[in-house]
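Below: the structure, in structure tokens.
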Amino acid sequence: MKDLIYLSYSEIKKKLNDGSITSKDLVSSYLKRIEDTDSKIKAFLAIDKDKILKQAEESDKRRKEGKQLSLYDGIPIGIKDNICITGEITSCSSKILENFVSPYDATVISKLKDKGFVFFPRLNMDEFAMGSSTENSAFQTSKNPFDPERIPGGSSGGSAAAVAASMLPVSLGSDTGGSIRQPASLCGIWGLKPTYGRVSRYGLVAYASSLDQIGPFSNDMEGISDLLEILSGLDPKDQTTAKVNPFEAKSVTEMDWKGKKIGVMKTEEFNFSDDVNKRYLEVLKSLEEKGATLVPLDFSLLKYAIPVYYLIATAECSSNLSRFDGIRYGLRKEGSGKLDDLYAESRTAGFGNEVKRRILLGTFSLSSGYYDAYYGKAQKARVLIRKQYAEFFKSVDVILQPTSPTTAFKVGEKTKDPIQMYQADILTTSVNLSGVPAISCPAGLNKNGLPIGIQLTTSHFDEVTLLSFAKALSNLEICKTPLPKEIS
Ligand code: GLN
């Protein structure tokens, strides 16, 4: 029973379908693992054992009667705490929504329910998905399973840590500027941000609407492809979903590197830590040996990605978070009884410091007199970054970069300096600004046993190529990344 938690997603899928395991046994093993381990990792904000077991029993019953909903019936999946599930608290790790019970399902949740997945909700995150370490959660900081003195990345740190600690095989996160890829990288697993418009955002609590996408984490590549197929598609409830050819997992096949053009960074121009730099160059060398051609790209625009991202994301968040006013949702502080005081006091008590900082920044850059100089200029620079990617893909098949400039940092190391924390997103934010898809794949461990991740990027809606490259990369010997069995 204990070993069930160490199965990969694809082994779980196979065993559930050939009848060699039941969903109840599997789910019980994960619940036990969570009981034994999560006091150290703090990935979950809450766990309702009975509710979870009941879903597994129902799934087994369906299979027994030959009425399984799909090949995925009974597979456990974790859900980040900003994705709405009917009847569950969706707090976004914020005090302002601490007791908010969602009255409806996000589209991604309805799709997973239709297939029979077993939900493990309430994975910890940075408050409203603002952060790179989960240290901005109002409730707890999640820890990295490879070294619990370190952060798991963020904002979807709970989703990544739960999979890396073998508490789940797959989970959902959201990615506005790297929040799936960066924690996947720091936790040694796979994490995909789909093309903007591929997956519905209906029922995802908005941070920055023009950048947000929901995507999967998995302990193998098959989990990523399967989940993308299930989650994606046009949704009348989200007008930004695109009418494109559906993504089919079966179209993903291992890419042959021979003759492929790989866009790469000139590492001298960037400040990567030595371990990340070294592994990146080793990976590139082995791809060259397999017949790929490396094409150095001019990433000089990348230096604008952080300021442009933080102007646009904060502007959108200041608008999106105006709905949390103490009237319609969540926490209310009556104050003096005057309406303005109620707004001010509810928001003062309900939001944490980072969220307040971003609302202030965003409100400032949108205010009259400053709009053109900041927000307007950021929008123009965003267009340039988008064009830059289109240009890149005229000459390369895929771009390969480190996902994060460093491996996981220590809890508390960057909390005093927000700018330094924002720099952790240097390689991921430009992807959201241009809307293209990108995946972080594990690329082995450094000499201290910490995971390194490699980010692959392709052009809009070309996830088949992206995942085919990711599959090939993941089969390289130097990219093998064992997950920790014992967590100390
Ligand atoms: N770390 C980035 C931020 O704080 C990205 C967050 C995200 O992708 N949700 O905004």
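In the structure tokens, the first chain shown is A, the next is B, and so on; residue numbers restart at 1 for each chain, and ligands run from 1 in the order shown.
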
Can you list, as an mmCIF file with N, CA, C and O atoms, in the first residue's frame, every protein, DNA or RNA residue that comes within 7 Å of A:Phe117 when you count only C-alpha atoms, leaving out same-chain residues fewer than 5 positions away?
data_model
loop_
_atom_site.group_PDB
_atom_site.id
_atom_site.type_symbol
_atom_site.label_atom_id
_atom_site.label_comp_id
_atom_site.auth_asym_id
_atom_site.auth_seq_id
_atom_site.Cartn_x
_atom_site.Cartn_y
_atom_site.Cartn_z
ATOM 1 N N TYR A 72 -9.870 8.234 -16.694
ATOM 2 C CA TYR A 72 -9.274 8.948 -15.554
ATOM 3 C C TYR A 72 -10.095 8.781 -14.284
ATOM 4 O O TYR A 72 -9.770 9.370 -13.249
ATOM 5 N N ASP A 73 -11.170 8.018 -14.366
ATOM 6 C CA ASP A 73 -12.065 7.893 -13.216
ATOM 7 C C ASP A 73 -11.275 7.399 -12.004
ATOM 8 O O ASP A 73 -10.601 6.365 -12.076
ATOM 9 N N GLY A 74 -11.344 8.159 -10.905
ATOM 10 C CA GLY A 74 -10.680 7.744 -9.664
ATOM 11 C C GLY A 74 -9.288 8.300 -9.463
ATOM 12 O O GLY A 74 -8.658 8.027 -8.437
ATOM 13 N N ILE A 75 -8.769 9.074 -10.424
ATOM 14 C CA ILE A 75 -7.417 9.646 -10.256
ATOM 15 C C ILE A 75 -7.501 10.876 -9.332
ATOM 16 O O ILE A 75 -8.322 11.770 -9.556
ATOM 17 N N PRO A 76 -6.654 10.925 -8.306
ATOM 18 C CA PRO A 76 -6.680 12.066 -7.387
ATOM 19 C C PRO A 76 -6.016 13.297 -8.004
ATOM 20 O O PRO A 76 -5.011 13.170 -8.700
ATOM 21 N N ILE A 77 -6.575 14.464 -7.716
ATOM 22 C CA ILE A 77 -5.978 15.713 -8.216
ATOM 23 C C ILE A 77 -6.105 16.806 -7.150
ATOM 24 O O ILE A 77 -7.150 16.931 -6.510
ATOM 25 N N LEU A 112 -13.258 18.269 -15.032
ATOM 26 C CA LEU A 112 -12.630 17.165 -14.289
ATOM 27 C C LEU A 112 -13.691 16.298 -13.615
ATOM 28 O O LEU A 112 -13.551 15.072 -13.537
#

Report as a CSV table (one decimal) with N, CA, C and O atoms, in the first residue's frame all protein, DNA and RNA residues lying within 7 Å of A:Thr457, evaluated on only C-alpha atoms, omitting residues in the same chain fewer than 4 positions from it.
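Output file around.csv is given in full below:
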chain,number,residue,atom,x,y,z
A,398,VAL,N,11.9,25.9,-31.0
A,398,VAL,CA,11.5,25.9,-29.6
A,398,VAL,C,12.6,26.8,-28.9
A,398,VAL,O,13.7,26.9,-29.4
A,399,ILE,N,12.2,27.4,-27.8
A,399,ILE,CA,13.2,28.1,-27.0
A,399,ILE,C,13.5,27.4,-25.7
A,399,ILE,O,12.5,26.8,-25.1
A,400,LEU,N,14.7,27.3,-25.4
A,400,LEU,CA,15.1,26.5,-24.2
A,400,LEU,C,15.9,27.4,-23.2
A,400,LEU,O,16.9,28.0,-23.6
A,437,PRO,N,2.7,29.5,-24.9
A,437,PRO,CA,2.8,28.4,-23.9
A,437,PRO,C,4.2,28.1,-23.5
A,437,PRO,O,5.1,28.2,-24.3
A,438,ALA,N,4.4,27.6,-22.3
A,438,ALA,CA,5.7,27.2,-21.8
A,438,ALA,C,5.5,26.2,-20.7
A,438,ALA,O,4.6,26.2,-20.0
A,439,ILE,N,6.6,25.3,-20.7
A,439,ILE,CA,6.5,24.2,-19.7
A,439,ILE,C,7.9,24.2,-18.9
A,439,ILE,O,8.9,24.5,-19.6
A,466,LEU,N,5.4,21.8,-28.3
A,466,LEU,CA,6.0,22.0,-27.0
A,466,LEU,C,6.1,20.8,-26.2
A,466,LEU,O,7.2,20.4,-25.6

What are the closest atom pairs, with distances in Å to one decimal, for all residues of stretch 65-159 of chain A lying within 8 Å of stretch 43-47 of chain A? Consider only C-alpha atoms, order rows by chain and residue number, and present the result as a tab-separated table.
residue	atom	partner	partner_atom	distance
A:Phe120	CA	A:Ile47	CA	7.2
A:Pro121	CA	A:Ile47	CA	7.4
A:Arg122	CA	A:Leu45	CA	5.5
A:Leu123	CA	A:Phe44	CA	4.6
A:Asn124	CA	A:Ala43	CA	5.5
A:Phe139	CA	A:Leu45	CA	7.8
A:Ser142	CA	A:Ala43	CA	5.3
A:Lys143	CA	A:Ala43	CA	7.5
A:Gly157	CA	A:Ala43	CA	7.4
A:Gly158	CA	A:Ala43	CA	4.1
A:Ser159	CA	A:Ala43	CA	6.9

Just want the residues within 6 Å of ligand 1, written as a PyMOL selection string, counting only C-alpha atoms and all ligand atoms. chain A and resi 129-132+155+175-179+425

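For the choices A:Leu302, A:Ile426, A:Ala206, A:Leu339, the atom-to-atom distance to A:Gln388 is smallest for A:Leu302 when using only C-alpha atoms.
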
Contacts of A:Leu26 at 9 Å or less, counting only C-alpha atoms, minus same-chain residues fewer than 3 places along, as a PDB file with C-alpha atoms, in the first residue's frame?
ATOM      1  CA  MET A   1       0.000   0.000   0.000  1.00  0.00           C
ATOM      2  CA  LEU A   4       1.213   3.365  -4.239  1.00  0.00           C
ATOM      3  CA  ILE A   5       2.195   6.955  -3.452  1.00  0.00           C
ATOM      4  CA  ILE A  12      -1.722   5.023 -11.729  1.00  0.00           C
ATOM      5  CA  ILE A  21      -5.591  -1.056  -7.830  1.00  0.00           C
ATOM      6  CA  THR A  22      -8.713   0.679  -6.578  1.00  0.00           C
ATOM      7  CA  SER A  23      -9.202   4.391  -6.206  1.00  0.00           C
ATOM      8  CA  SER A  29      -2.423   5.892   0.744  1.00  0.00           C
ATOM      9  CA  TYR A  30      -2.239   9.557  -0.199  1.00  0.00           C
ATOM     10  CA  LEU A  31      -4.309  10.567   2.824  1.00  0.00           C
ATOM     11  CA  ALA A  56     -13.014   7.401  -4.354  1.00  0.00           C
ATOM     12  CA  GLY A  74     -10.680   7.744  -9.664  1.00  0.00           C
ATOM     13  CA  ILE A  75      -7.417   9.646 -10.256  1.00  0.00           C
ATOM     14  CA  PRO A  76      -6.680  12.066  -7.387  1.00  0.00           C
TER      15      PRO A  76
END

Nearest candidate to A:Ile454 (options A:Phe409, A:Tyr371, A:Phe469, A:Tyr280; using only C-alpha atoms):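 For A:Ile454, the nearest of the candidates is A:Tyr280.
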
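Distances here use only C-alpha atoms; by that measure, the residue among A:Arg332, A:Lys237, A:Lys80, A:Arg347 closest to A:Asn99 is A:Arg332.
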
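Proximity to A:Asp48 was assessed for A:Glu65, A:Glu88, A:Glu11, A:Glu127 counting only C-alpha atoms; the smallest distance is recorded for A:Glu88.
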
Please provide as a PyMOL selection string all residues within 7 Å of A:Thr481, with the sequence filter that same-chain residues fewer than 3 positions apart are discarded (counting only C-alpha atoms). chain A and resi 188+442-445

Selected residues, C-alpha atoms, written as an mmCIF file, in the first residue's frame, please.
data_model
loop_
_atom_site.group_PDB
_atom_site.id
_atom_site.type_symbol
_atom_site.label_atom_id
_atom_site.label_comp_id
_atom_site.auth_asym_id
_atom_site.auth_seq_id
_atom_site.Cartn_x
_atom_site.Cartn_y
_atom_site.Cartn_z
ATOM 1 C CA GLY A 188 11.629 18.870 -9.541
ATOM 2 C CA PRO A 442 12.981 18.810 -14.320
ATOM 3 C CA ALA A 443 16.676 18.701 -15.224
ATOM 4 C CA GLY A 444 18.244 16.812 -12.341
ATOM 5 C CA LEU A 445 19.617 18.001 -8.993
#

Mind pulling up the distance from atom CA of A:Asp417 to atom CA of A:Gly369?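 Interatomic distance here is 28.3 Å.
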
Do a neighbour search on A:Ser91 at 7 Å with only C-alpha atoms, toss out local chain neighbours closer than 3 positions, and write the hits as an mmCIF file with N, CA, C and O atoms, in the first residue's frame.
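Final file, part.cif:
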data_model
loop_
_atom_site.group_PDB
_atom_site.id
_atom_site.type_symbol
_atom_site.label_atom_id
_atom_site.label_comp_id
_atom_site.auth_asym_id
_atom_site.auth_seq_id
_atom_site.Cartn_x
_atom_site.Cartn_y
_atom_site.Cartn_z
ATOM 1 N N ASP A 81 -6.009 26.958 -4.148
ATOM 2 C CA ASP A 81 -7.135 27.561 -3.433
ATOM 3 C C ASP A 81 -7.678 28.852 -4.056
ATOM 4 O O ASP A 81 -8.304 29.656 -3.372
ATOM 5 N N ASN A 82 -7.438 29.040 -5.373
ATOM 6 C CA ASN A 82 -8.086 30.158 -6.066
ATOM 7 C C ASN A 82 -8.972 29.667 -7.206
ATOM 8 O O ASN A 82 -9.364 30.429 -8.071
ATOM 9 N N SER A 94 -6.188 34.174 1.594
ATOM 10 C CA SER A 94 -6.379 35.543 2.073
ATOM 11 C C SER A 94 -7.380 35.566 3.220
ATOM 12 O O SER A 94 -8.368 34.822 3.188
ATOM 13 N N LEU A 97 -11.097 36.293 2.272
ATOM 14 C CA LEU A 97 -11.976 35.218 1.774
ATOM 15 C C LEU A 97 -11.894 33.969 2.659
ATOM 16 O O LEU A 97 -12.275 32.880 2.222
ATOM 17 N N GLU A 98 -11.422 34.141 3.877
ATOM 18 C CA GLU A 98 -11.164 32.982 4.749
ATOM 19 C C GLU A 98 -12.372 32.054 4.867
ATOM 20 O O GLU A 98 -12.223 30.834 4.933
ATOM 21 N N ASN A 99 -13.565 32.636 4.878
ATOM 22 C CA ASN A 99 -14.771 31.806 5.051
ATOM 23 C C ASN A 99 -15.675 31.813 3.820
ATOM 24 O O ASN A 99 -16.847 31.491 3.916
ATOM 25 N N PHE A 100 -15.129 32.191 2.693
ATOM 26 C CA PHE A 100 -15.956 32.266 1.475
ATOM 27 C C PHE A 100 -16.174 30.868 0.883
ATOM 28 O O PHE A 100 -15.220 30.173 0.539
#

List every residue of stretch 273-409 of chain A that DSSP, applied to the backbone of this structure, assigns to strand (DSSP E), and report them as a list in words.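 So the strand (DSSP E) residues in stretch 273-409 of chain A would be Thr293, Leu294, Val295, Pro296, Val398, Ile399, Leu400, Gln401 and Pro402 of chain A.
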
Selection above as a file: all heavy atoms, as a PDB file, in the first residue's frame:
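Output saved as again_20.pdb:
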ATOM      1  N   THR A 293      20.560  22.063 -33.606  1.00  0.00           N
ATOM      2  CA  THR A 293      21.388  23.245 -33.833  1.00  0.00           C
ATOM      3  C   THR A 293      20.992  24.306 -32.814  1.00  0.00           C
ATOM      4  O   THR A 293      19.803  24.608 -32.661  1.00  0.00           O
ATOM      5  CB  THR A 293      21.118  23.818 -35.253  1.00  0.00           C
ATOM      6  OG1 THR A 293      21.282  22.749 -36.182  1.00  0.00           O
ATOM      7  CG2 THR A 293      22.059  24.952 -35.587  1.00  0.00           C
ATOM      8  N   LEU A 294      21.982  24.860 -32.130  1.00  0.00           N
ATOM      9  CA  LEU A 294      21.680  25.895 -31.142  1.00  0.00           C
ATOM     10  C   LEU A 294      21.719  27.266 -31.807  1.00  0.00           C
ATOM     11  O   LEU A 294      22.673  27.598 -32.500  1.00  0.00           O
ATOM     12  CB  LEU A 294      22.685  25.848 -29.984  1.00  0.00           C
ATOM     13  CG  LEU A 294      22.861  24.494 -29.290  1.00  0.00           C
ATOM     14  CD1 LEU A 294      23.827  24.623 -28.117  1.00  0.00           C
ATOM     15  CD2 LEU A 294      21.517  23.935 -28.797  1.00  0.00           C
ATOM     16  N   VAL A 295      20.667  28.044 -31.584  1.00  0.00           N
ATOM     17  CA  VAL A 295      20.598  29.375 -32.189  1.00  0.00           C
ATOM     18  C   VAL A 295      20.545  30.414 -31.060  1.00  0.00           C
ATOM     19  O   VAL A 295      19.511  30.537 -30.393  1.00  0.00           O
ATOM     20  CB  VAL A 295      19.327  29.504 -33.069  1.00  0.00           C
ATOM     21  CG1 VAL A 295      19.262  30.875 -33.733  1.00  0.00           C
ATOM     22  CG2 VAL A 295      19.243  28.379 -34.089  1.00  0.00           C
ATOM     23  N   PRO A 296      21.649  31.139 -30.819  1.00  0.00           N
ATOM     24  CA  PRO A 296      21.607  32.149 -29.745  1.00  0.00           C
ATOM     25  C   PRO A 296      20.639  33.274 -30.110  1.00  0.00           C
ATOM     26  O   PRO A 296      20.679  33.799 -31.220  1.00  0.00           O
ATOM     27  CB  PRO A 296      23.046  32.666 -29.681  1.00  0.00           C
ATOM     28  CG  PRO A 296      23.858  31.705 -30.483  1.00  0.00           C
ATOM     29  CD  PRO A 296      22.950  31.071 -31.488  1.00  0.00           C
ATOM     30  N   VAL A 398      11.871  25.863 -31.038  1.00  0.00           N
ATOM     31  CA  VAL A 398      11.539  25.898 -29.613  1.00  0.00           C
ATOM     32  C   VAL A 398      12.595  26.751 -28.921  1.00  0.00           C
ATOM     33  O   VAL A 398      13.730  26.857 -29.416  1.00  0.00           O
ATOM     34  CB  VAL A 398      11.521  24.450 -29.038  1.00  0.00           C
ATOM     35  CG1 VAL A 398      12.889  23.788 -29.092  1.00  0.00           C
ATOM     36  CG2 VAL A 398      10.978  24.387 -27.604  1.00  0.00           C
ATOM     37  N   ILE A 399      12.213  27.393 -27.815  1.00  0.00           N
ATOM     38  CA  ILE A 399      13.207  28.136 -27.020  1.00  0.00           C
ATOM     39  C   ILE A 399      13.467  27.351 -25.744  1.00  0.00           C
ATOM     40  O   ILE A 399      12.529  26.835 -25.118  1.00  0.00           O
ATOM     41  CB  ILE A 399      12.693  29.547 -26.677  1.00  0.00           C
ATOM     42  CG1 ILE A 399      12.453  30.347 -27.959  1.00  0.00           C
ATOM     43  CG2 ILE A 399      13.688  30.285 -25.774  1.00  0.00           C
ATOM     44  CD1 ILE A 399      11.757  31.679 -27.737  1.00  0.00           C
ATOM     45  N   LEU A 400      14.725  27.255 -25.380  1.00  0.00           N
ATOM     46  CA  LEU A 400      15.110  26.508 -24.185  1.00  0.00           C
ATOM     47  C   LEU A 400      15.886  27.435 -23.245  1.00  0.00           C
ATOM     48  O   LEU A 400      16.893  28.018 -23.649  1.00  0.00           O
ATOM     49  CB  LEU A 400      15.978  25.345 -24.633  1.00  0.00           C
ATOM     50  CG  LEU A 400      15.974  24.105 -23.777  1.00  0.00           C
ATOM     51  CD1 LEU A 400      15.779  22.879 -24.644  1.00  0.00           C
ATOM     52  CD2 LEU A 400      17.263  23.982 -23.025  1.00  0.00           C
ATOM     53  N   GLN A 401      15.386  27.586 -22.021  1.00  0.00           N
ATOM     54  CA  GLN A 401      16.019  28.476 -21.025  1.00  0.00           C
ATOM     55  C   GLN A 401      15.950  27.799 -19.668  1.00  0.00           C
ATOM     56  O   GLN A 401      15.121  26.908 -19.473  1.00  0.00           O
ATOM     57  CB  GLN A 401      15.200  29.775 -20.888  1.00  0.00           C
ATOM     58  CG  GLN A 401      15.036  30.597 -22.119  1.00  0.00           C
ATOM     59  CD  GLN A 401      13.912  31.615 -21.946  1.00  0.00           C
ATOM     60  OE1 GLN A 401      12.744  31.275 -21.976  1.00  0.00           O
ATOM     61  NE2 GLN A 401      14.277  32.870 -21.753  1.00  0.00           N
ATOM     62  N   PRO A 402      16.744  28.263 -18.709  1.00  0.00           N
ATOM     63  CA  PRO A 402      16.437  27.835 -17.341  1.00  0.00           C
ATOM     64  C   PRO A 402      15.062  28.417 -16.976  1.00  0.00           C
ATOM     65  O   PRO A 402      14.661  29.433 -17.536  1.00  0.00           O
ATOM     66  CB  PRO A 402      17.526  28.500 -16.498  1.00  0.00           C
ATOM     67  CG  PRO A 402      18.601  28.889 -17.463  1.00  0.00           C
ATOM     68  CD  PRO A 402      17.920  29.146 -18.769  1.00  0.00           C
TER      69      PRO A 402
END

Can you pull out the residues contacting stretch 446-452 of chain A? Cut-off 10 Å, using only C-alpha atoms, and skip same-chain residues under 6 positions away; I want them as an MDAnalysis selection string. chainID A and resid 144:147 150 184:189 274:280 402:409 440 479 481:484

Using atom CA of A:Leu476 and atom CA of A:Leu168 as the two end points, give the distance in Å to one decimal. 24.4 Å

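Considering only C-alpha atoms, the residue among A:Glu282, A:Glu222, A:Glu35, A:Asp325 positioned nearest to A:Glu477 is A:Glu282.
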
Which one is closest to A:Phe392: A:Lys51, A:Arg201, A:Lys261, A:Lys115? Count only C-alpha atoms. A:Lys261
